[in-house]
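Enquirer: File follows, data.cif with mmCIF, N, CA and C atoms:
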data_structure
#
loop_
_atom_site.label_atom_id
_atom_site.label_comp_id
_atom_site.auth_asym_id
_atom_site.auth_seq_id
_atom_site.Cartn_x
_atom_site.Cartn_y
_atom_site.Cartn_z
N LEU F 1 112.83 134.98 31.06
CA LEU F 1 114.06 134.24 31.30
C LEU F 1 115.04 134.47 30.15
N THR F 2 116.28 134.49 30.48
CA THR F 2 117.29 134.53 29.43
C THR F 2 117.40 133.14 28.82
N ASP F 3 118.06 133.05 27.68
CA ASP F 3 118.25 131.73 27.06
C ASP F 3 118.98 130.78 28.00
N THR F 4 119.97 131.30 28.69
CA THR F 4 120.74 130.48 29.63
C THR F 4 119.85 130.00 30.78
N GLN F 5 119.05 130.90 31.33
CA GLN F 5 118.15 130.51 32.42
C GLN F 5 117.14 129.47 31.94
N TYR F 6 116.63 129.70 30.73
CA TYR F 6 115.66 128.76 30.17
C TYR F 6 116.27 127.36 30.10
N GLU F 7 117.47 127.27 29.63
CA GLU F 7 118.16 125.97 29.53
C GLU F 7 118.41 125.38 30.92
N GLN F 8 118.75 126.24 31.87
CA GLN F 8 118.97 125.76 33.23
C GLN F 8 117.67 125.23 33.85
N VAL F 9 116.59 125.93 33.62
CA VAL F 9 115.29 125.49 34.13
C VAL F 9 114.92 124.15 33.49
N ARG F 10 115.13 124.05 32.19
CA ARG F 10 114.86 122.77 31.51
C ARG F 10 115.70 121.66 32.13
N GLY F 11 116.94 121.96 32.46
CA GLY F 11 117.80 120.97 33.09
C GLY F 11 117.28 120.53 34.45
N VAL F 12 116.83 121.49 35.25
CA VAL F 12 116.27 121.17 36.56
C VAL F 12 115.04 120.28 36.38
N MET F 13 114.18 120.64 35.46
CA MET F 13 112.97 119.86 35.23
C MET F 13 113.32 118.44 34.77
N GLU F 14 114.28 118.34 33.89
CA GLU F 14 114.69 117.03 33.38
C GLU F 14 115.32 116.19 34.50
N GLN F 15 116.15 116.80 35.31
CA GLN F 15 116.79 116.08 36.41
C GLN F 15 115.77 115.54 37.40
N ASN F 16 114.66 116.24 37.54
CA ASN F 16 113.64 115.86 38.53
C ASN F 16 112.43 115.15 37.93
N ARG F 17 112.43 114.97 36.62
CA ARG F 17 111.27 114.40 35.95
C ARG F 17 110.87 113.03 36.52
N GLU F 18 111.83 112.15 36.65
CA GLU F 18 111.52 110.79 37.10
C GLU F 18 110.92 110.80 38.52
N ALA F 19 111.54 111.54 39.43
CA ALA F 19 111.04 111.59 40.81
C ALA F 19 109.67 112.25 40.87
N THR F 20 109.47 113.30 40.08
CA THR F 20 108.18 113.99 40.06
C THR F 20 107.10 113.09 39.50
N GLN F 21 107.39 112.39 38.42
CA GLN F 21 106.41 111.48 37.83
C GLN F 21 106.09 110.33 38.77
N ALA F 22 107.11 109.80 39.42
CA ALA F 22 106.89 108.68 40.35
C ALA F 22 106.01 109.11 41.52
N ALA F 23 106.27 110.29 42.06
CA ALA F 23 105.46 110.79 43.18
C ALA F 23 104.01 111.01 42.74
N GLY F 24 103.83 111.55 41.55
CA GLY F 24 102.48 111.78 41.02
C GLY F 24 101.75 110.47 40.76
N ALA F 25 102.45 109.49 40.21
CA ALA F 25 101.83 108.19 39.94
C ALA F 25 101.40 107.52 41.25
N ARG F 26 102.27 107.59 42.25
CA ARG F 26 101.92 107.00 43.55
C ARG F 26 100.70 107.69 44.14
N LEU F 27 100.65 109.00 44.03
CA LEU F 27 99.51 109.76 44.55
C LEU F 27 98.22 109.31 43.86
N ARG F 28 98.25 109.18 42.54
CA ARG F 28 97.05 108.74 41.81
C ARG F 28 96.63 107.34 42.24
N GLU F 29 97.60 106.45 42.41
CA GLU F 29 97.29 105.08 42.82
C GLU F 29 96.64 105.05 44.20
N VAL F 30 97.19 105.81 45.13
CA VAL F 30 96.67 105.80 46.49
C VAL F 30 95.30 106.46 46.54
N ARG F 31 95.09 107.52 45.76
CA ARG F 31 93.76 108.14 45.69
C ARG F 31 92.74 107.13 45.19
N GLN F 32 93.11 106.36 44.17
CA GLN F 32 92.21 105.35 43.65
C GLN F 32 91.95 104.27 44.70
N ALA F 33 92.98 103.88 45.43
CA ALA F 33 92.81 102.88 46.49
C ALA F 33 91.84 103.39 47.56
N LEU F 34 91.94 104.66 47.92
CA LEU F 34 91.02 105.22 48.90
C LEU F 34 89.60 105.24 48.35
N HIS F 35 89.46 105.64 47.11
CA HIS F 35 88.15 105.65 46.46
C HIS F 35 87.54 104.24 46.50
N ASP F 36 88.36 103.25 46.18
CA ASP F 36 87.90 101.86 46.19
C ASP F 36 87.52 101.41 47.60
N ALA F 37 88.34 101.78 48.59
CA ALA F 37 88.07 101.37 49.97
C ALA F 37 86.77 102.00 50.47
N VAL F 38 86.55 103.26 50.15
CA VAL F 38 85.33 103.94 50.58
C VAL F 38 84.12 103.35 49.87
N GLY F 39 84.28 102.96 48.62
CA GLY F 39 83.17 102.43 47.84
C GLY F 39 82.94 100.93 47.97
N ALA F 40 83.69 100.28 48.84
CA ALA F 40 83.54 98.83 49.01
C ALA F 40 82.15 98.50 49.52
N ASP F 41 81.68 97.31 49.20
CA ASP F 41 80.35 96.88 49.64
C ASP F 41 80.24 96.81 51.16
N VAL F 42 81.34 96.43 51.80
CA VAL F 42 81.37 96.36 53.26
C VAL F 42 82.44 97.35 53.73
N ALA F 43 82.01 98.29 54.55
CA ALA F 43 82.94 99.30 55.05
C ALA F 43 83.94 98.66 56.00
N ASN F 44 85.22 98.98 55.78
CA ASN F 44 86.28 98.48 56.64
C ASN F 44 87.04 99.71 57.14
N GLU F 45 86.69 100.16 58.33
CA GLU F 45 87.27 101.39 58.86
C GLU F 45 88.79 101.32 58.92
N GLY F 46 89.32 100.21 59.35
CA GLY F 46 90.78 100.06 59.44
C GLY F 46 91.46 100.22 58.10
N ALA F 47 90.88 99.60 57.08
CA ALA F 47 91.47 99.70 55.74
C ALA F 47 91.37 101.13 55.21
N ILE F 48 90.23 101.75 55.45
CA ILE F 48 90.05 103.13 54.98
C ILE F 48 91.05 104.06 55.66
N ARG F 49 91.20 103.92 56.96
CA ARG F 49 92.15 104.77 57.69
C ARG F 49 93.58 104.51 57.26
N ALA F 50 93.92 103.26 57.00
CA ALA F 50 95.27 102.93 56.55
C ALA F 50 95.56 103.56 55.19
N VAL F 51 94.61 103.47 54.28
CA VAL F 51 94.81 104.06 52.96
C VAL F 51 94.81 105.59 53.06
N ALA F 52 93.97 106.15 53.92
CA ALA F 52 93.96 107.61 54.10
C ALA F 52 95.30 108.10 54.63
N ALA F 53 95.89 107.35 55.55
CA ALA F 53 97.22 107.72 56.07
C ALA F 53 98.27 107.62 54.97
N GLU F 54 98.14 106.59 54.14
CA GLU F 54 99.07 106.44 53.01
C GLU F 54 98.90 107.60 52.03
N LEU F 55 97.66 108.03 51.83
CA LEU F 55 97.39 109.17 50.96
C LEU F 55 98.04 110.44 51.51
N ALA F 56 97.96 110.64 52.80
CA ALA F 56 98.60 111.81 53.42
C ALA F 56 100.11 111.79 53.15
N ASN F 57 100.71 110.62 53.28
CA ASN F 57 102.15 110.51 53.00
C ASN F 57 102.45 110.79 51.53
N ALA F 58 101.62 110.25 50.64
CA ALA F 58 101.84 110.47 49.22
C ALA F 58 101.69 111.94 48.86
N GLU F 59 100.69 112.61 49.45
CA GLU F 59 100.52 114.05 49.21
C GLU F 59 101.71 114.82 49.73
N GLY F 60 102.22 114.41 50.87
CA GLY F 60 103.42 115.05 51.42
C GLY F 60 104.62 114.87 50.51
N ASP F 61 104.78 113.67 49.96
CA ASP F 61 105.89 113.42 49.03
C ASP F 61 105.80 114.31 47.80
N VAL F 62 104.59 114.46 47.26
CA VAL F 62 104.40 115.32 46.09
C VAL F 62 104.71 116.77 46.45
N ALA F 63 104.25 117.22 47.60
CA ALA F 63 104.49 118.60 48.03
C ALA F 63 105.98 118.86 48.21
N VAL F 64 106.68 117.93 48.82
CA VAL F 64 108.12 118.09 49.03
C VAL F 64 108.84 118.12 47.69
N GLN F 65 108.46 117.24 46.77
CA GLN F 65 109.10 117.21 45.46
C GLN F 65 108.86 118.53 44.71
N ARG F 66 107.63 119.02 44.79
CA ARG F 66 107.29 120.28 44.12
C ARG F 66 108.11 121.42 44.71
N ALA F 67 108.23 121.44 46.04
CA ALA F 67 108.99 122.50 46.71
C ALA F 67 110.48 122.40 46.36
N PHE F 68 110.99 121.19 46.26
CA PHE F 68 112.39 120.97 45.92
C PHE F 68 112.69 121.53 44.52
N VAL F 69 111.82 121.22 43.56
CA VAL F 69 112.02 121.70 42.19
C VAL F 69 111.87 123.22 42.15
N ARG F 70 110.84 123.74 42.83
CA ARG F 70 110.63 125.19 42.84
C ARG F 70 111.85 125.91 43.42
N SER F 71 112.40 125.36 44.47
CA SER F 71 113.56 125.97 45.10
C SER F 71 114.75 126.00 44.15
N GLN F 72 114.95 124.92 43.42
CA GLN F 72 116.05 124.88 42.46
C GLN F 72 115.85 125.92 41.36
N VAL F 73 114.63 126.03 40.86
CA VAL F 73 114.34 127.01 39.80
C VAL F 73 114.46 128.42 40.37
N TRP F 74 113.96 128.63 41.58
CA TRP F 74 113.98 129.95 42.21
C TRP F 74 115.40 130.50 42.29
N GLN F 75 116.35 129.63 42.58
CA GLN F 75 117.75 130.05 42.70
C GLN F 75 118.33 130.53 41.37
N LEU F 76 117.70 130.16 40.28
CA LEU F 76 118.17 130.58 38.96
C LEU F 76 117.68 131.98 38.58
N LEU F 77 116.69 132.48 39.31
CA LEU F 77 116.09 133.77 38.96
C LEU F 77 116.84 134.93 39.61
N THR F 78 116.81 136.05 38.92
CA THR F 78 117.35 137.28 39.48
C THR F 78 116.36 137.81 40.53
N PRO F 79 116.78 138.72 41.40
CA PRO F 79 115.84 139.30 42.37
C PRO F 79 114.62 139.94 41.69
N ASP F 80 114.83 140.62 40.55
CA ASP F 80 113.69 141.22 39.84
C ASP F 80 112.73 140.15 39.33
N GLN F 81 113.28 139.06 38.81
CA GLN F 81 112.43 137.96 38.33
C GLN F 81 111.69 137.31 39.49
N GLN F 82 112.34 137.19 40.63
CA GLN F 82 111.68 136.63 41.80
C GLN F 82 110.52 137.53 42.23
N ALA F 83 110.73 138.84 42.21
CA ALA F 83 109.66 139.77 42.57
C ALA F 83 108.49 139.64 41.61
N THR F 84 108.78 139.55 40.33
CA THR F 84 107.72 139.38 39.33
C THR F 84 106.98 138.08 39.56
N ALA F 85 107.72 137.02 39.86
CA ALA F 85 107.10 135.72 40.12
C ALA F 85 106.18 135.80 41.33
N ARG F 86 106.61 136.48 42.36
CA ARG F 86 105.76 136.63 43.56
C ARG F 86 104.47 137.37 43.21
N GLU F 87 104.58 138.41 42.40
CA GLU F 87 103.40 139.17 41.98
C GLU F 87 102.44 138.29 41.19
N LEU F 88 102.99 137.51 40.27
CA LEU F 88 102.16 136.62 39.46
C LEU F 88 101.48 135.56 40.33
N GLU F 89 102.23 135.03 41.30
CA GLU F 89 101.64 134.05 42.22
C GLU F 89 100.51 134.66 43.03
N ALA F 90 100.69 135.90 43.48
CA ALA F 90 99.65 136.58 44.26
C ALA F 90 98.40 136.81 43.40
N GLU F 91 98.60 137.21 42.15
CA GLU F 91 97.47 137.41 41.24
C GLU F 91 96.73 136.11 40.99
N MET F 92 97.48 135.04 40.80
CA MET F 92 96.86 133.74 40.54
C MET F 92 96.07 133.29 41.77
N LYS F 93 96.61 133.48 42.95
CA LYS F 93 95.91 133.11 44.18
C LYS F 93 94.61 133.90 44.30
N GLN F 94 94.67 135.19 43.98
CA GLN F 94 93.48 136.03 44.07
C GLN F 94 92.41 135.54 43.08
N ARG F 95 92.80 135.21 41.86
CA ARG F 95 91.84 134.70 40.87
C ARG F 95 91.22 133.39 41.33
N MET F 96 92.03 132.52 41.92
CA MET F 96 91.51 131.24 42.41
C MET F 96 90.49 131.48 43.53
N GLU F 97 90.77 132.40 44.43
CA GLU F 97 89.85 132.71 45.52
C GLU F 97 88.55 133.29 44.97
N GLN F 98 88.64 134.13 43.94
CA GLN F 98 87.44 134.69 43.33
C GLN F 98 86.59 133.60 42.70
N ARG F 99 87.25 132.66 42.01
CA ARG F 99 86.52 131.54 41.40
C ARG F 99 85.84 130.70 42.47
N ARG F 100 86.56 130.43 43.56
CA ARG F 100 85.96 129.66 44.66
C ARG F 100 84.73 130.37 45.20
N GLY F 101 84.83 131.67 45.35
CA GLY F 101 83.70 132.45 45.85
C GLY F 101 82.51 132.39 44.90
N ARG F 102 82.77 132.50 43.61
CA ARG F 102 81.67 132.43 42.63
C ARG F 102 81.03 131.05 42.63
N ARG F 103 81.85 129.99 42.75
CA ARG F 103 81.30 128.62 42.80
C ARG F 103 80.44 128.45 44.05
N ALA F 104 80.90 128.98 45.16
CA ALA F 104 80.13 128.87 46.40
C ALA F 104 78.80 129.61 46.27
N GLU F 105 78.82 130.78 45.65
CA GLU F 105 77.58 131.55 45.46
C GLU F 105 76.61 130.79 44.57
N ARG F 106 77.12 130.18 43.49
CA ARG F 106 76.25 129.39 42.62
C ARG F 106 75.63 128.22 43.37
N GLY F 107 76.45 127.57 44.19
CA GLY F 107 75.94 126.46 44.99
C GLY F 107 74.86 126.90 45.96
N GLU F 108 75.07 128.05 46.58
CA GLU F 108 74.08 128.57 47.51
C GLU F 108 72.78 128.91 46.79
N ARG F 109 72.87 129.50 45.59
CA ARG F 109 71.66 129.82 44.82
C ARG F 109 70.91 128.55 44.44
N ARG F 110 71.65 127.53 44.02
CA ARG F 110 71.01 126.26 43.66
C ARG F 110 70.31 125.66 44.87
N GLU F 111 70.96 125.72 46.02
CA GLU F 111 70.39 125.16 47.24
C GLU F 111 69.11 125.91 47.63
N ARG F 112 69.12 127.24 47.50
CA ARG F 112 67.93 128.03 47.83
C ARG F 112 66.78 127.68 46.89
N ARG F 113 67.09 127.48 45.60
CA ARG F 113 66.04 127.11 44.65
C ARG F 113 65.46 125.75 44.99
N ARG F 114 66.32 124.83 45.39
CA ARG F 114 65.85 123.49 45.74
C ARG F 114 64.95 123.51 46.96
N GLN F 115 65.26 124.39 47.89
CA GLN F 115 64.52 124.43 49.13
C GLN F 115 63.19 125.18 48.99
N GLY F 116 63.10 125.97 47.95
CA GLY F 116 61.82 126.61 47.97
C GLY F 116 61.48 127.64 47.06
#
What is this file in structure tokens?
Expert:
Amino acid sequence: LTDTQYEQVRGVMEQNREATQAAGARLREVRQALHDAVGADVANEGAIRAVAAELANAEGDVAVQRAFVRSQVWQLLTPDQQATARELEAEMKQRMEQRRGRRAERGERRERRRQG
């Protein structure tokens, strides 16, 4: 990024900080509420479903906020920078998939050892 772009990105992040933090805080609270509802001594299906629906909404709010900020930052990039960003995103996705595969393999090995 150029110095100007860096400052613009900082501005976008600062402008969205409060909304991003609020969405994240709500998500954490609702996740905890679901954890508590599932772990209650007496299962209450209605309460669990209500909190799960609230969690879906909170996750949607976080996703929309993240997309909104990303879109604002994306507009600040040159086409070459956007291409580089896409390449980096693809590499990161590939590494994450490889890690998931390795974790799954380890789990399968552990399960086979447990079984026999």
Enquirer: Measuring atom to atom with only C-alpha atoms, identify which of F:Asn16, F:Gln5, F:Asn57, F:Ser71 is nearest to Arg31 in chain F.
Expert: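 Checking each of F:Asn16, F:Gln5, F:Asn57, F:Ser71 against Arg31 in chain F, counting only C-alpha atoms, the winner is F:Asn57.
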Enquirer: Taking only N, CA and C atoms into account, name the residue in F:Ala50, F:Ala58, F:Leu1, F:Ala83 that is nearest to Arg26 in chain F.
Expert: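 Under the stated criterion, the closest residue is F:Ala58.
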Enquirer: What do you get, as a PDB file with N, CA and C atoms, in the coordinates of the input, if you spell out every residue that the PyMOL selection byres (((chain F and resi 73 and name CA) around 10) and name CA) selects here?
Expert:
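Okay, part.pdb is ready:
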ATOM      1  N   GLN F   5     119.050 130.900  31.330  1.00  0.00           N
ATOM      2  CA  GLN F   5     118.150 130.510  32.420  1.00  0.00           C
ATOM      3  C   GLN F   5     117.140 129.470  31.940  1.00  0.00           C
ATOM      4  N   TYR F   6     116.630 129.700  30.730  1.00  0.00           N
ATOM      5  CA  TYR F   6     115.660 128.760  30.170  1.00  0.00           C
ATOM      6  C   TYR F   6     116.270 127.360  30.100  1.00  0.00           C
ATOM      7  N   GLN F   8     118.750 126.240  31.870  1.00  0.00           N
ATOM      8  CA  GLN F   8     118.970 125.760  33.230  1.00  0.00           C
ATOM      9  C   GLN F   8     117.670 125.230  33.850  1.00  0.00           C
ATOM     10  N   VAL F   9     116.590 125.930  33.620  1.00  0.00           N
ATOM     11  CA  VAL F   9     115.290 125.490  34.130  1.00  0.00           C
ATOM     12  C   VAL F   9     114.920 124.150  33.490  1.00  0.00           C
ATOM     13  N   ARG F  10     115.130 124.050  32.190  1.00  0.00           N
ATOM     14  CA  ARG F  10     114.860 122.770  31.510  1.00  0.00           C
ATOM     15  C   ARG F  10     115.700 121.660  32.130  1.00  0.00           C
ATOM     16  N   GLY F  11     116.940 121.960  32.460  1.00  0.00           N
ATOM     17  CA  GLY F  11     117.800 120.970  33.090  1.00  0.00           C
ATOM     18  C   GLY F  11     117.280 120.530  34.450  1.00  0.00           C
ATOM     19  N   VAL F  12     116.830 121.490  35.250  1.00  0.00           N
ATOM     20  CA  VAL F  12     116.270 121.170  36.560  1.00  0.00           C
ATOM     21  C   VAL F  12     115.040 120.280  36.380  1.00  0.00           C
ATOM     22  N   MET F  13     114.180 120.640  35.460  1.00  0.00           N
ATOM     23  CA  MET F  13     112.970 119.860  35.230  1.00  0.00           C
ATOM     24  C   MET F  13     113.320 118.440  34.770  1.00  0.00           C
ATOM     25  N   ALA F  67     108.230 121.440  46.040  1.00  0.00           N
ATOM     26  CA  ALA F  67     108.990 122.500  46.710  1.00  0.00           C
ATOM     27  C   ALA F  67     110.480 122.400  46.360  1.00  0.00           C
ATOM     28  N   PHE F  68     110.990 121.190  46.260  1.00  0.00           N
ATOM     29  CA  PHE F  68     112.390 120.970  45.920  1.00  0.00           C
ATOM     30  C   PHE F  68     112.690 121.530  44.520  1.00  0.00           C
ATOM     31  N   VAL F  69     111.820 121.220  43.560  1.00  0.00           N
ATOM     32  CA  VAL F  69     112.020 121.700  42.190  1.00  0.00           C
ATOM     33  C   VAL F  69     111.870 123.220  42.150  1.00  0.00           C
ATOM     34  N   ARG F  70     110.840 123.740  42.830  1.00  0.00           N
ATOM     35  CA  ARG F  70     110.630 125.190  42.840  1.00  0.00           C
ATOM     36  C   ARG F  70     111.850 125.910  43.420  1.00  0.00           C
ATOM     37  N   SER F  71     112.400 125.360  44.470  1.00  0.00           N
ATOM     38  CA  SER F  71     113.560 125.970  45.100  1.00  0.00           C
ATOM     39  C   SER F  71     114.750 126.000  44.150  1.00  0.00           C
ATOM     40  N   GLN F  72     114.950 124.920  43.420  1.00  0.00           N
ATOM     41  CA  GLN F  72     116.050 124.880  42.460  1.00  0.00           C
ATOM     42  C   GLN F  72     115.850 125.920  41.360  1.00  0.00           C
ATOM     43  N   TRP F  74     113.960 128.630  41.580  1.00  0.00           N
ATOM     44  CA  TRP F  74     113.980 129.950  42.210  1.00  0.00           C
ATOM     45  C   TRP F  74     115.400 130.500  42.290  1.00  0.00           C
ATOM     46  N   GLN F  75     116.350 129.630  42.580  1.00  0.00           N
ATOM     47  CA  GLN F  75     117.750 130.050  42.700  1.00  0.00           C
ATOM     48  C   GLN F  75     118.330 130.530  41.370  1.00  0.00           C
ATOM     49  N   LEU F  76     117.700 130.160  40.280  1.00  0.00           N
ATOM     50  CA  LEU F  76     118.170 130.580  38.960  1.00  0.00           C
ATOM     51  C   LEU F  76     117.680 131.980  38.580  1.00  0.00           C
ATOM     52  N   LEU F  77     116.690 132.480  39.310  1.00  0.00           N
ATOM     53  CA  LEU F  77     116.090 133.770  38.960  1.00  0.00           C
ATOM     54  C   LEU F  77     116.840 134.930  39.610  1.00  0.00           C
TER      55      LEU F  77
END
Enquirer: Please list as a list in words every residue within 7 Å of Leu55 in chain F, counting all atoms listed in the file and excluding residues in the same chain fewer than 4 positions away.
Expert: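 Here the qualifying residues turn out to be Leu27, Val30, Arg31, Ala50, Val51, Glu59 and Gly60 of chain F.
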Enquirer: Which one is closest to Ala25 in chain F: F:Val62, F:Glu97, F:Ala104, F:Met92? Count only C-alpha atoms.
Expert: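 Among F:Val62, F:Glu97, F:Ala104, F:Met92, it is F:Val62 that comes nearest to Ala25 in chain F.
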Enquirer: Using Å and a single decimal, report how far CA of Val38 in chain F sits from CA of Arg99 in chain F.
Expert: 29.1 Å
Enquirer: Quick check, in Å to one decimal: how far apart do atom C of Glu89 in chain F and atom N of Arg102 in chain F lie?
Expert: 17.9 Å
Enquirer: Please report the interatomic distance between atom N of Asp36 in chain F and CA of Ala63 in chain F in Å with one decimal.
Expert: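 Pair atom N of Asp36 in chain F / CA of Ala63 in chain F returns 22.3 Å.
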